[in-house]
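Below is the file data_33.cif, which contains mmCIF, C-alpha atoms (C1' of nucleotides) and all ligand atoms.
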```
data_upload
#
loop_
_atom_site.label_atom_id
_atom_site.label_comp_id
_atom_site.auth_asym_id
_atom_site.auth_seq_id
_atom_site.Cartn_x
_atom_site.Cartn_y
_atom_site.Cartn_z
CA MET A 927 78.65 83.21 65.30
CA GLU A 928 77.30 86.51 64.04
CA GLN A 929 79.15 88.00 67.00
CA THR A 930 82.30 87.59 64.91
CA GLN A 931 81.31 90.58 62.82
CA ASN A 932 80.92 92.82 65.86
CA ILE A 933 84.08 91.59 67.51
CA GLY A 934 86.00 92.01 64.28
CA SER A 935 85.12 95.66 63.94
CA PHE A 936 85.66 96.17 67.66
CA LEU A 937 89.22 94.87 67.34
CA ILE A 938 89.88 96.99 64.26
CA ASN A 939 88.65 99.98 66.19
CA ALA A 940 91.17 99.19 68.90
CA GLY A 941 93.97 99.03 66.35
CA ILE A 942 94.13 95.24 66.27
CA ARG A 943 93.97 93.17 63.07
CA PRO A 944 91.12 90.73 63.60
CA SER A 945 92.68 87.36 62.91
CA PHE A 946 90.67 84.19 63.49
CA GLN A 947 92.55 83.39 66.71
CA ARG A 948 92.21 86.92 68.08
CA ILE A 949 88.51 86.99 67.42
CA LYS A 950 87.97 83.64 69.10
CA ILE A 951 90.03 84.56 72.14
CA TYR A 952 88.26 87.87 72.60
CA GLU A 953 84.89 86.19 72.01
CA TYR A 954 85.84 83.66 74.68
CA LEU A 955 86.52 86.41 77.21
CA ILE A 956 83.27 88.20 76.41
CA ILE A 957 80.98 85.17 76.37
CA ARG A 958 82.41 83.20 79.29
CA LYS A 959 82.89 86.15 81.65
CA ASN A 960 84.97 83.78 83.75
CA HIS A 961 88.15 85.81 84.26
CA PRO A 962 90.17 82.92 82.84
CA THR A 963 93.83 82.02 83.08
CA VAL A 964 95.86 81.40 79.92
CA GLU A 965 95.57 77.69 80.62
CA MET A 966 91.76 77.83 80.74
CA ILE A 967 91.53 79.73 77.45
CA TYR A 968 94.00 77.40 75.80
CA LYS A 969 92.33 74.20 76.96
CA ASP A 970 88.81 75.32 76.13
CA LEU A 971 89.61 76.72 72.70
CA ASN A 972 91.98 73.93 71.78
CA SER A 973 89.15 71.45 71.31
CA TYR A 974 87.60 73.87 68.84
CA ILE A 975 90.86 75.10 67.25
CA PRO A 976 93.20 72.09 67.45
CA THR A 977 96.10 73.95 65.86
CA LEU A 978 96.04 76.71 68.47
CA SER A 979 99.34 77.40 70.16
CA LYS A 980 99.62 78.43 73.78
CA THR A 981 102.12 81.06 72.66
CA THR A 982 99.38 82.63 70.57
CA VAL A 983 97.17 82.88 73.63
CA TYR A 984 99.96 84.62 75.51
CA ASN A 985 100.77 86.93 72.60
CA THR A 986 97.15 87.81 72.00
CA LEU A 987 96.39 88.61 75.62
CA LYS A 988 99.51 90.75 75.84
CA LEU A 989 98.33 92.60 72.74
CA PHE A 990 94.84 93.08 74.18
CA VAL A 991 96.31 94.49 77.39
CA ASP A 992 98.71 96.77 75.51
CA LYS A 993 95.88 98.08 73.34
CA GLY A 994 93.74 98.62 76.42
CA ILE A 995 90.84 96.27 75.71
CA THR A 996 91.65 93.76 78.45
CA GLN A 997 92.90 94.08 82.00
CA ILE A 998 94.98 91.76 84.14
CA ILE A 999 93.44 90.52 87.39
CA THR A 1000 95.89 89.30 90.06
CA ILE A 1001 93.90 88.11 93.02
CA GLU A 1002 96.25 85.21 93.69
CA ASP A 1003 100.00 85.42 93.28
CA ASN A 1004 100.14 82.18 91.35
CA GLU A 1005 97.53 82.78 88.68
CA THR A 1006 97.23 85.63 86.20
CA ARG A 1007 93.67 86.17 85.00
CA TYR A 1008 92.23 88.32 82.24
CA ASP A 1009 89.12 90.49 82.07
CA PRO A 1010 87.69 92.16 78.94
CA ASP A 1011 85.74 94.53 81.19
CA ILE A 1012 88.24 97.35 81.58
CA SER A 1013 86.00 99.50 83.75
CA THR A 1014 87.00 100.01 87.38
CA HIS A 1015 85.16 97.31 89.29
CA GLY A 1016 85.84 94.92 92.13
CA HIS A 1017 86.48 91.17 92.15
CA PHE A 1018 85.40 88.69 94.77
CA LYS A 1019 87.04 85.28 94.78
CA CYS A 1020 85.34 82.48 96.68
CA THR A 1021 88.01 80.47 98.46
CA ASN A 1022 85.64 77.49 98.48
CA CYS A 1023 84.46 77.10 94.88
CA GLY A 1024 87.08 79.30 93.23
CA LYS A 1025 84.54 81.34 91.32
CA ILE A 1026 85.23 85.02 90.70
CA PHE A 1027 82.39 87.53 90.99
CA ASP A 1028 82.28 91.11 89.74
CA PHE A 1029 80.94 93.90 91.89
CA SER A 1030 80.82 97.65 91.76
CA PHE A 1031 82.18 100.14 94.25
CA ASP A 1032 82.66 103.87 94.64
CA ASN A 1033 86.20 105.15 94.60
CA LYS A 1034 85.16 108.78 94.39
CA ASN A 1035 84.55 109.46 98.06
CA LEU A 1036 87.57 107.58 99.34
CA ASN A 1037 89.63 110.79 99.62
CA ILE A 1038 92.66 109.03 100.97
CA LYS A 1039 94.94 111.34 102.89
CA GLN A 1040 98.23 109.53 102.43
CA ILE A 1041 98.11 109.65 98.61
CA GLU A 1042 96.21 112.89 98.07
CA ASN A 1043 98.65 114.33 95.56
CA PHE A 1044 99.41 111.10 93.77
CA GLU A 1045 98.22 110.58 90.21
CA ILE A 1046 95.92 107.56 90.12
CA LYS A 1047 95.89 105.46 86.95
CA GLN A 1048 94.31 102.17 88.02
CA THR A 1049 92.33 101.03 91.04
CA HIS A 1050 91.97 97.34 91.87
CA LEU A 1051 89.79 96.01 94.67
CA TYR A 1052 90.01 92.31 95.45
CA ILE A 1053 87.98 90.57 98.12
CA LYS A 1054 88.35 86.95 99.21
CA GLY A 1055 85.82 84.97 101.17
CA ILE A 1056 82.88 82.60 100.81
CA CYS A 1057 80.18 83.19 98.20
CA GLU A 1058 76.50 83.03 99.08
CA ASN A 1059 76.04 79.67 97.37
CA CYS A 1060 78.91 78.02 99.21
CA LYS A 1061 77.81 79.52 102.52
CA ARG A 1062 74.49 77.68 102.19
CA LYS A 1063 76.13 74.41 101.27
CA ILE A 1064 78.54 74.63 104.18
CA ILE A 1065 75.73 75.30 106.65
CA ILE A 1066 73.80 72.27 105.43
CA LYS A 1067 76.75 69.90 106.01
CA MET B 865 119.94 94.43 117.91
CA GLU B 866 117.91 94.53 121.09
CA GLN B 867 114.92 94.19 118.78
CA THR B 868 115.85 90.51 118.57
CA GLN B 869 114.42 89.96 122.02
CA ASN B 870 111.08 91.49 121.11
CA ILE B 871 110.88 89.74 117.78
CA GLY B 872 111.84 86.45 119.36
CA SER B 873 109.00 86.56 121.85
CA PHE B 874 106.66 87.83 119.18
CA LEU B 875 107.43 84.80 117.02
CA ILE B 876 107.02 82.43 119.97
CA ASN B 877 103.68 84.02 120.64
CA ALA B 878 102.66 83.28 117.07
CA GLY B 879 103.64 79.65 117.46
CA ILE B 880 106.93 79.97 115.58
CA ARG B 881 110.27 78.81 116.91
CA PRO B 882 112.53 81.86 116.74
CA SER B 883 115.55 80.64 114.81
CA PHE B 884 118.26 83.08 113.82
CA GLN B 885 117.10 83.16 110.18
CA ARG B 886 113.45 83.63 111.09
CA ILE B 887 114.24 86.51 113.41
CA LYS B 888 116.39 88.24 110.81
CA ILE B 889 113.79 87.84 108.08
CA TYR B 890 110.99 89.15 110.25
CA GLU B 891 113.19 91.97 111.47
CA TYR B 892 113.93 92.81 107.84
CA LEU B 893 110.22 93.10 107.03
CA ILE B 894 109.54 95.27 110.07
CA ILE B 895 112.49 97.62 109.72
CA ARG B 896 112.54 98.10 105.96
CA LYS B 897 108.78 98.45 105.48
CA ASN B 898 109.48 97.97 101.77
CA HIS B 899 107.01 95.20 100.85
CA PRO B 900 109.91 93.17 99.48
CA THR B 901 110.05 90.25 97.10
CA VAL B 902 111.83 87.03 98.06
CA GLU B 903 114.73 88.12 95.87
CA MET B 904 115.09 91.44 97.71
CA ILE B 905 115.12 89.79 101.12
CA TYR B 906 117.58 87.16 99.96
CA LYS B 907 119.99 89.60 98.35
CA ASP B 908 119.94 92.09 101.22
CA LEU B 909 120.30 89.53 103.99
CA ASN B 910 122.81 87.41 102.13
CA SER B 911 125.59 89.94 102.63
CA TYR B 912 124.94 89.75 106.35
CA ILE B 913 124.18 86.00 106.53
CA PRO B 914 126.34 84.48 103.74
CA THR B 915 125.08 80.96 104.40
CA LEU B 916 121.45 81.92 103.93
CA SER B 917 119.56 79.80 101.44
CA LYS B 918 116.85 81.18 99.21
CA THR B 919 114.79 78.14 100.11
CA THR B 920 114.87 79.26 103.72
CA VAL B 921 113.48 82.63 102.71
CA TYR B 922 110.65 80.89 100.86
CA ASN B 923 110.01 78.46 103.72
CA THR B 924 110.05 81.19 106.33
CA LEU B 925 107.68 83.52 104.49
CA LYS B 926 105.28 80.65 103.88
CA LEU B 927 105.39 79.89 107.58
CA PHE B 928 104.78 83.54 108.48
CA VAL B 929 101.79 83.66 106.15
CA ASP B 930 100.39 80.36 107.47
CA LYS B 931 100.74 81.57 111.05
CA GLY B 932 99.08 84.85 110.16
CA ILE B 933 101.87 87.31 110.90
CA THR B 934 102.55 88.30 107.28
CA GLN B 935 100.35 88.90 104.27
CA ILE B 936 100.99 88.47 100.57
CA ILE B 937 100.67 91.54 98.36
CA THR B 938 100.08 90.90 94.65
CA ILE B 939 99.91 94.20 92.87
CA GLU B 940 101.76 92.88 89.83
CA ASP B 941 101.26 89.42 88.42
CA ASN B 942 104.98 88.80 88.16
CA GLU B 943 106.13 89.68 91.66
CA THR B 944 104.93 88.35 94.98
CA ARG B 945 105.55 90.76 97.82
CA TYR B 946 105.28 90.38 101.59
CA ASP B 947 103.94 92.68 104.29
CA PRO B 948 104.26 92.17 108.07
CA ASP B 949 101.40 94.62 108.55
CA ILE B 950 98.42 92.28 108.44
CA SER B 951 95.82 94.97 109.00
CA THR B 952 93.45 95.85 106.15
CA HIS B 953 95.11 98.74 104.36
CA GLY B 954 95.68 99.88 100.80
CA HIS B 955 98.81 99.84 98.64
CA PHE B 956 99.83 102.37 96.03
CA LYS B 957 102.53 101.37 93.57
CA CYS B 958 104.29 104.09 91.61
CA THR B 959 104.75 102.87 88.06
CA ASN B 960 107.69 105.27 87.70
CA CYS B 961 109.94 104.59 90.69
CA GLY B 962 108.42 101.26 91.73
CA LYS B 963 107.97 102.30 95.34
CA ILE B 964 104.99 100.95 97.27
CA PHE B 965 103.11 103.23 99.68
CA ASP B 966 100.66 102.25 102.40
CA PHE B 967 97.40 104.07 102.90
CA SER B 968 94.32 103.59 105.02
CA PHE B 969 90.77 103.47 103.77
CA ASP B 970 87.32 102.81 105.11
CA ASN B 971 85.40 99.86 103.65
CA LYS B 972 82.16 101.64 104.39
CA ASN B 973 82.95 104.44 101.98
CA LEU B 974 83.37 101.93 99.17
CA ASN B 975 79.63 101.33 99.05
CA ILE B 976 80.02 97.81 97.69
CA LYS B 977 77.05 96.27 95.87
CA GLN B 978 76.24 92.77 94.63
CA ILE B 979 78.08 90.79 97.31
CA GLU B 980 76.05 91.76 100.34
CA ASN B 981 75.51 88.20 101.56
CA PHE B 982 79.04 87.01 100.90
CA GLU B 983 81.36 86.31 103.79
CA ILE B 984 84.39 88.58 103.50
CA LYS B 985 87.71 87.27 104.78
CA GLN B 986 90.27 89.57 103.15
CA THR B 987 90.07 92.91 101.39
CA HIS B 988 92.88 94.14 99.15
CA LEU B 989 92.92 97.59 97.57
CA TYR B 990 95.70 98.28 95.09
CA ILE B 991 96.21 101.56 93.29
CA LYS B 992 98.75 102.20 90.54
CA GLY B 993 99.92 105.59 89.34
CA ILE B 994 102.60 108.22 89.85
CA CYS B 995 103.77 109.22 93.31
CA GLU B 996 104.10 112.86 94.32
CA ASN B 997 107.87 112.79 94.13
CA CYS B 998 107.96 111.37 90.62
CA LYS B 999 105.25 113.78 89.47
CA ARG B 1000 107.51 116.71 90.36
CA LYS B 1001 110.52 115.19 88.64
CA ILE B 1002 108.53 114.50 85.50
CA ILE B 1003 107.22 118.07 85.36
CA ILE B 1004 110.73 119.49 85.67
CA LYS B 1005 112.01 117.48 82.68
"C1'" DT C 1421 99.62 86.17 40.77
"C1'" DC C 1422 103.53 87.76 43.55
"C1'" DC C 1423 105.61 90.08 47.23
"C1'" DA C 1424 106.13 92.19 51.68
"C1'" DT C 1425 104.63 91.89 56.03
"C1'" DA C 1426 101.94 90.26 59.95
"C1'" DT C 1427 100.61 86.37 62.47
"C1'" DC C 1428 100.96 81.83 64.20
"C1'" DT C 1429 103.33 77.87 65.78
"C1'" DG C 1430 106.46 74.68 68.36
"C1'" DT C 1431 110.66 74.45 70.69
"C1'" DA C 1432 114.02 76.11 73.63
"C1'" DA C 1433 115.39 79.33 77.22
"C1'" DT C 1434 114.42 81.74 81.37
"C1'" DC C 1435 112.71 82.67 85.82
"C1'" DA C 1436 110.09 81.91 90.13
"C1'" DT C 1437 108.78 78.52 93.13
"C1'" DT C 1438 108.53 73.79 95.13
"C1'" DT C 1439 110.27 69.29 96.21
"C1'" DC C 1440 113.50 66.52 98.24
"C1'" DA C 1441 117.28 64.38 100.63
"C1'" DA C 1442 121.22 65.30 103.23
"C1'" DT C 1443 123.32 68.18 106.76
"C1'" DT C 1444 123.24 71.00 110.72
"C1'" DG C 1445 121.37 72.91 114.92
"C1'" DT C 1446 118.56 72.54 119.26
"C1'" DA C 1447 116.53 71.10 123.35
"C1'" DA C 1448 115.46 67.74 126.43
"C1'" DA C 1449 116.48 63.01 128.40
"C1'" DA C 1450 119.78 59.99 130.25
"C1'" DT D 546 128.09 66.16 129.76
"C1'" DT D 547 126.78 62.94 126.25
"C1'" DT D 548 123.10 60.97 123.71
"C1'" DT D 549 119.16 61.16 121.13
"C1'" DA D 550 115.11 62.73 118.61
"C1'" DC D 551 113.39 66.16 116.08
"C1'" DA D 552 113.22 70.68 113.77
"C1'" DA D 553 115.35 73.84 110.69
"C1'" DT D 554 118.47 74.85 107.06
"C1'" DT D 555 120.68 74.07 102.88
"C1'" DG D 556 121.69 73.24 97.90
"C1'" DA D 557 120.46 70.66 94.04
"C1'" DA D 558 117.00 69.00 91.15
"C1'" DA D 559 112.20 69.20 89.49
"C1'" DT D 560 108.27 71.74 88.18
"C1'" DG D 561 105.43 75.24 86.11
"C1'" DA D 562 104.50 79.63 84.03
"C1'" DT D 563 106.09 82.83 80.87
"C1'" DT D 564 109.12 84.67 77.22
"C1'" DA D 565 112.32 84.49 73.28
"C1'" DC D 566 113.15 82.90 69.00
"C1'" DA D 567 113.13 81.22 64.37
"C1'" DG D 568 110.70 78.91 60.83
"C1'" DA D 569 106.07 78.18 58.65
"C1'" DT D 570 101.79 80.09 57.27
"C1'" DA D 571 98.34 83.47 56.17
"C1'" DT D 572 96.95 88.00 54.46
"C1'" DG D 573 96.28 92.14 51.81
"C1'" DG D 574 97.86 95.15 48.38
"C1'" DA D 575 100.63 96.02 44.00
MN MN A 1501 85.65 91.55 86.17
MN MN A 1502 101.51 97.53 103.55
ZN ZN A 1503 81.78 79.64 96.35
ZN ZN A 1504 107.46 107.34 92.16
#
```
structure tokens encoding of this file:
Amino acid sequence: MEQTQNIGSFLINAGIRPSFQRIKIYEYLIIRKNHPTVEMIYKDLNSYIPTLSKTTVYNTLKLFVDKGITQIITIEDNETRYDPDISTHGHFKCTNCGKIFDFSFDNKNLNIKQIENFEIKQTHLYIKGICENCKRKIIIK
Amino acid sequence: MEQTQNIGSFLINAGIRPSFQRIKIYEYLIIRKNHPTVEMIYKDLNSYIPTLSKTTVYNTLKLFVDKGITQIITIEDNETRYDPDISTHGHFKCTNCGKIFDFSFDNKNLNIKQIENFEIKQTHLYIKGICENCKRKIIIK
DNA sequence: TCCATATCTGTAATCATTTCAATTGTAAAA
DNA sequence: TTTTACAATTGAAATGATTACAGATATGGA
């Protein structure tokens, strides 16, 4: 609730007018940390903001990405996900439970020969597999 | 042309009946090395195989992926691309010319934290930026 | 308050992908 | 060789995600 104040000024700082919908969508990203799809955001917020339009969710996320306060995560080709953490970090998707985990990695000492003279703007590392929790469950079965 | 023989037996080996369309699509992937979209494959092959259906391209790529002889590359959320090189390797996409470059990297150098006990099945490293060629062109302007 | 502009909304259009049923091709049995 | 069963291909229709658009609503300053 009081978060609204912080988020409001954060959006202003990013050059975004802090409308009610924009604040709630950004707040959703920050609080849930779930790398959601548009559908997830829309469904979850719709119970709280019944007048919300899915178009607004699309528009708002596009704005966030354009203004550089959100990044697109494309681990699967059939679902676009969004992440308010714009730092370079990795994503692990569990193919069993579907959860997405953040992790850190070094990209400094990669010194890749084939693209030495290329100008790097974004680095995305995606790993798929089985999370620790699911591994345990599967062993028990 | 004589490739057909090799590709045919390669497909058989992978448990895939080597139909004319399947051979041509796999041959396309191998020869072009362009990480194409379905649309690219369809358009390029259609002039050579006028009866080709886009559905066949979809079906065939799905089959290749299921049988493990092709991997899906999702650098952008709005274009699914295909790669017959199923080894773990990185992809660089130039945001200027759109070209996709392969590069090799060593997982060990990534020094990944937080997912030590997770079971890794696939690793995808995608980098976006400007390729060497485009960098030169842009400087000249 | 009033006005100009930005934002939001719902619907329609677009585009990629999947589903489906009919047709065609293939490979082995008769 | 002909028949037969099954696999692959095809094109049309359905689905689902995203975008375009135009009208309604909200906002902030004169
Ligand atoms: Mn993240
Ligand atoms: Mn590749
Ligand atoms: Zn899991
Ligand atoms: Zn380039």
(message) Any residue with an atom at most 7 Å from ligand ZN 1504 (chain A) counts, using only C-alpha atoms (C1' of nucleotides) and all ligand atoms. Which are they? Put them as a VMD selection string.
(response) chain B and resid 958 to 963 994 to 998
Quick one: write out the picked residues with C-alpha atoms as an mmCIF file, in the coordinates of the input?
```cif
data_model
loop_
_atom_site.group_PDB
_atom_site.id
_atom_site.type_symbol
_atom_site.label_atom_id
_atom_site.label_comp_id
_atom_site.auth_asym_id
_atom_site.auth_seq_id
_atom_site.Cartn_x
_atom_site.Cartn_y
_atom_site.Cartn_z
ATOM 1 C CA CYS B 958 104.290 104.090 91.610
ATOM 2 C CA THR B 959 104.750 102.870 88.060
ATOM 3 C CA ASN B 960 107.690 105.270 87.700
ATOM 4 C CA CYS B 961 109.940 104.590 90.690
ATOM 5 C CA GLY B 962 108.420 101.260 91.730
ATOM 6 C CA LYS B 963 107.970 102.300 95.340
ATOM 7 C CA ILE B 994 102.600 108.220 89.850
ATOM 8 C CA CYS B 995 103.770 109.220 93.310
ATOM 9 C CA GLU B 996 104.100 112.860 94.320
ATOM 10 C CA ASN B 997 107.870 112.790 94.130
ATOM 11 C CA CYS B 998 107.960 111.370 90.620
#
```
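For the pair atom CA of A:Asp1011 and atom CA of A:His961, the interatomic distance is 9.6 Å.
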With all Cα atoms paired residue by residue, do a least-squares superposition of chain A on chain B and hand back the transformed coordinates as an mmCIF file with C-alpha atoms, keeping the file's coordinate frame.
```
data_model
loop_
_atom_site.group_PDB
_atom_site.id
_atom_site.type_symbol
_atom_site.label_atom_id
_atom_site.label_comp_id
_atom_site.auth_asym_id
_atom_site.auth_seq_id
_atom_site.Cartn_x
_atom_site.Cartn_y
_atom_site.Cartn_z
ATOM 1 C CA MET A 927 119.973 94.408 117.881
ATOM 2 C CA GLU A 928 117.932 94.561 121.060
ATOM 3 C CA GLN A 929 114.942 94.249 118.744
ATOM 4 C CA THR A 930 115.808 90.552 118.544
ATOM 5 C CA GLN A 931 114.375 90.023 122.002
ATOM 6 C CA ASN A 932 111.046 91.592 121.074
ATOM 7 C CA ILE A 933 110.831 89.826 117.749
ATOM 8 C CA GLY A 934 111.714 86.530 119.377
ATOM 9 C CA SER A 935 108.858 86.690 121.832
ATOM 10 C CA PHE A 936 106.555 87.997 119.116
ATOM 11 C CA LEU A 937 107.280 84.923 116.996
ATOM 12 C CA ILE A 938 106.818 82.587 119.953
ATOM 13 C CA ASN A 939 103.501 84.245 120.604
ATOM 14 C CA ALA A 940 102.497 83.501 117.032
ATOM 15 C CA GLY A 941 103.421 79.849 117.457
ATOM 16 C CA ILE A 942 106.711 80.119 115.586
ATOM 17 C CA ARG A 943 110.056 78.925 116.979
ATOM 18 C CA PRO A 944 112.353 81.931 116.776
ATOM 19 C CA SER A 945 115.355 80.644 114.879
ATOM 20 C CA PHE A 946 118.129 83.037 113.878
ATOM 21 C CA GLN A 947 116.990 83.097 110.239
ATOM 22 C CA ARG A 948 113.336 83.648 111.132
ATOM 23 C CA ILE A 949 114.164 86.505 113.430
ATOM 24 C CA LYS A 950 116.340 88.193 110.832
ATOM 25 C CA ILE A 951 113.772 87.807 108.078
ATOM 26 C CA TYR A 952 110.965 89.169 110.215
ATOM 27 C CA GLU A 953 113.222 91.982 111.448
ATOM 28 C CA TYR A 954 113.985 92.777 107.813
ATOM 29 C CA LEU A 955 110.292 93.112 106.989
ATOM 30 C CA ILE A 956 109.631 95.309 110.012
ATOM 31 C CA ILE A 957 112.624 97.621 109.666
ATOM 32 C CA ARG A 958 112.710 98.059 105.890
ATOM 33 C CA LYS A 959 108.956 98.460 105.384
ATOM 34 C CA ASN A 960 109.679 97.981 101.696
ATOM 35 C CA HIS A 961 107.188 95.251 100.783
ATOM 36 C CA PRO A 962 110.052 93.151 99.430
ATOM 37 C CA THR A 963 110.148 90.220 97.050
ATOM 38 C CA VAL A 964 111.881 86.986 98.065
ATOM 39 C CA GLU A 965 114.798 88.019 95.884
ATOM 40 C CA MET A 966 115.210 91.346 97.703
ATOM 41 C CA ILE A 967 115.176 89.699 101.134
ATOM 42 C CA TYR A 968 117.597 87.032 100.004
ATOM 43 C CA LYS A 969 120.067 89.421 98.402
ATOM 44 C CA ASP A 970 120.041 91.914 101.251
ATOM 45 C CA LEU A 971 120.347 89.370 104.043
ATOM 46 C CA ASN A 972 122.832 87.202 102.206
ATOM 47 C CA SER A 973 125.639 89.703 102.701
ATOM 48 C CA TYR A 974 124.968 89.537 106.426
ATOM 49 C CA ILE A 975 124.160 85.798 106.611
ATOM 50 C CA PRO A 976 126.304 84.234 103.866
ATOM 51 C CA THR A 977 125.007 80.731 104.532
ATOM 52 C CA LEU A 978 121.383 81.743 104.012
ATOM 53 C CA SER A 979 119.467 79.649 101.529
ATOM 54 C CA LYS A 980 116.802 81.070 99.265
ATOM 55 C CA THR A 981 114.677 78.052 100.158
ATOM 56 C CA THR A 982 114.743 79.199 103.767
ATOM 57 C CA VAL A 983 113.406 82.583 102.730
ATOM 58 C CA TYR A 984 110.571 80.898 100.868
ATOM 59 C CA ASN A 985 109.840 78.494 103.721
ATOM 60 C CA THR A 986 109.927 81.215 106.334
ATOM 61 C CA LEU A 987 107.622 83.560 104.459
ATOM 62 C CA LYS A 988 105.183 80.725 103.840
ATOM 63 C CA LEU A 989 105.249 79.997 107.567
ATOM 64 C CA PHE A 990 104.686 83.659 108.438
ATOM 65 C CA VAL A 991 101.705 83.807 106.083
ATOM 66 C CA ASP A 992 100.261 80.542 107.407
ATOM 67 C CA LYS A 993 100.604 81.759 110.990
ATOM 68 C CA GLY A 994 98.996 85.057 110.046
ATOM 69 C CA ILE A 995 101.817 87.485 110.813
ATOM 70 C CA THR A 996 102.551 88.433 107.204
ATOM 71 C CA GLN A 997 100.383 89.066 104.176
ATOM 72 C CA ILE A 998 101.043 88.601 100.483
ATOM 73 C CA ILE A 999 100.800 91.676 98.257
ATOM 74 C CA THR A 1000 100.198 91.023 94.538
ATOM 75 C CA ILE A 1001 100.120 94.338 92.765
ATOM 76 C CA GLU A 1002 101.942 92.984 89.727
ATOM 77 C CA ASP A 1003 101.376 89.524 88.319
ATOM 78 C CA ASN A 1004 105.078 88.835 88.072
ATOM 79 C CA GLU A 1005 106.240 89.699 91.565
ATOM 80 C CA THR A 1006 105.009 88.399 94.905
ATOM 81 C CA ARG A 1007 105.667 90.814 97.759
ATOM 82 C CA TYR A 1008 105.352 90.442 101.511
ATOM 83 C CA ASP A 1009 104.039 92.783 104.194
ATOM 84 C CA PRO A 1010 104.313 92.277 107.976
ATOM 85 C CA ASP A 1011 101.490 94.787 108.438
ATOM 86 C CA ILE A 1012 98.479 92.491 108.327
ATOM 87 C CA SER A 1013 95.929 95.238 108.880
ATOM 88 C CA THR A 1014 93.598 96.104 106.008
ATOM 89 C CA HIS A 1015 95.304 98.950 104.187
ATOM 90 C CA GLY A 1016 95.907 100.045 100.627
ATOM 91 C CA HIS A 1017 99.040 99.945 98.471
ATOM 92 C CA PHE A 1018 100.098 102.460 95.875
ATOM 93 C CA LYS A 1019 102.787 101.453 93.411
ATOM 94 C CA CYS A 1020 104.563 104.186 91.482
ATOM 95 C CA THR A 1021 105.036 102.998 87.917
ATOM 96 C CA ASN A 1022 107.969 105.403 87.590
ATOM 97 C CA CYS A 1023 110.211 104.692 90.586
ATOM 98 C CA GLY A 1024 108.692 101.361 91.597
ATOM 99 C CA LYS A 1025 108.235 102.369 95.208
ATOM 100 C CA ILE A 1026 105.243 101.035 97.124
ATOM 101 C CA PHE A 1027 103.375 103.330 99.509
ATOM 102 C CA ASP A 1028 100.895 102.386 102.220
ATOM 103 C CA PHE A 1029 97.662 104.272 102.666
ATOM 104 C CA SER A 1030 94.501 103.869 104.651
ATOM 105 C CA PHE A 1031 90.947 103.629 103.401
ATOM 106 C CA ASP A 1032 87.462 102.967 104.708
ATOM 107 C CA ASN A 1033 85.826 99.744 103.655
ATOM 108 C CA LYS A 1034 82.949 100.109 106.083
ATOM 109 C CA ASN A 1035 80.701 102.363 104.041
ATOM 110 C CA LEU A 1036 81.247 100.612 100.735
ATOM 111 C CA ASN A 1037 78.018 98.595 101.107
ATOM 112 C CA ILE A 1038 78.425 96.855 97.804
ATOM 113 C CA LYS A 1039 75.157 95.563 96.437
ATOM 114 C CA GLN A 1040 76.432 92.713 94.300
ATOM 115 C CA ILE A 1041 78.173 90.920 97.194
ATOM 116 C CA GLU A 1042 75.925 91.910 100.086
ATOM 117 C CA ASN A 1043 75.502 88.400 101.437
ATOM 118 C CA PHE A 1044 79.033 87.244 100.794
ATOM 119 C CA GLU A 1045 81.369 86.577 103.702
ATOM 120 C CA ILE A 1046 84.379 88.872 103.402
ATOM 121 C CA LYS A 1047 87.715 87.584 104.695
ATOM 122 C CA GLN A 1048 90.292 89.862 103.072
ATOM 123 C CA THR A 1049 90.140 93.191 101.274
ATOM 124 C CA HIS A 1050 92.989 94.346 99.041
ATOM 125 C CA LEU A 1051 93.138 97.762 97.407
ATOM 126 C CA TYR A 1052 95.929 98.393 94.926
ATOM 127 C CA ILE A 1053 96.471 101.664 93.114
ATOM 128 C CA LYS A 1054 99.022 102.309 90.374
ATOM 129 C CA GLY A 1055 100.189 105.690 89.202
ATOM 130 C CA ILE A 1056 102.865 108.327 89.724
ATOM 131 C CA CYS A 1057 104.022 109.300 93.212
ATOM 132 C CA GLU A 1058 104.309 112.925 94.269
ATOM 133 C CA ASN A 1059 108.103 112.875 94.093
ATOM 134 C CA CYS A 1060 108.205 111.502 90.564
ATOM 135 C CA LYS A 1061 105.496 113.904 89.421
ATOM 136 C CA ARG A 1062 107.758 116.821 90.364
ATOM 137 C CA LYS A 1063 110.771 115.340 88.644
ATOM 138 C CA ILE A 1064 108.816 114.670 85.473
ATOM 139 C CA ILE A 1065 107.491 118.230 85.360
ATOM 140 C CA ILE A 1066 110.993 119.651 85.697
ATOM 141 C CA LYS A 1067 112.308 117.673 82.695
#
```
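Closest approach to chain A among C:DA1449, C:DA1436, C:DA1442, C:DC1428: C:DC1428, based on all atoms listed in the file.
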(request) Select all residues from chain C having any atom no more than 12 Å from an atom of chain A (counting only C-alpha atoms (C1' of nucleotides), ignoring ligands), output as number ranges by chain. (result) C: 1426-1431, 1436-1437
(request) Have a look at A:Ile1026, A:Ile1001, A:Val983, A:Ala940 and name the one nearest to chain D; count all atoms listed in the file. (result)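 Closest to chain D of all the choices is A:Val983.
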When the cut-off is 8 Å and you count all atoms listed in the file, which residues lie near ligand MN 1501 (chain A), shown as a compact mmCIF listing (two decimals) with C-alpha atoms, keeping the file's coordinate frame?
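Result went into result_33.txt, see below:
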```
# COMPACT_ATOMS: atom_id res chain seq x y z
CA LYS A 959 82.89 86.15 81.65
CA HIS A 961 88.15 85.81 84.26
CA ILE A 999 93.44 90.52 87.39
CA ASP A 1009 89.12 90.49 82.07
CA PRO A 1010 87.69 92.16 78.94
CA ASP A 1011 85.74 94.53 81.19
CA ILE A 1012 88.24 97.35 81.58
CA HIS A 1015 85.16 97.31 89.29
CA GLY A 1016 85.84 94.92 92.13
CA HIS A 1017 86.48 91.17 92.15
CA ILE A 1026 85.23 85.02 90.70
CA PHE A 1027 82.39 87.53 90.99
CA ASP A 1028 82.28 91.11 89.74
CA PHE A 1029 80.94 93.90 91.89
```
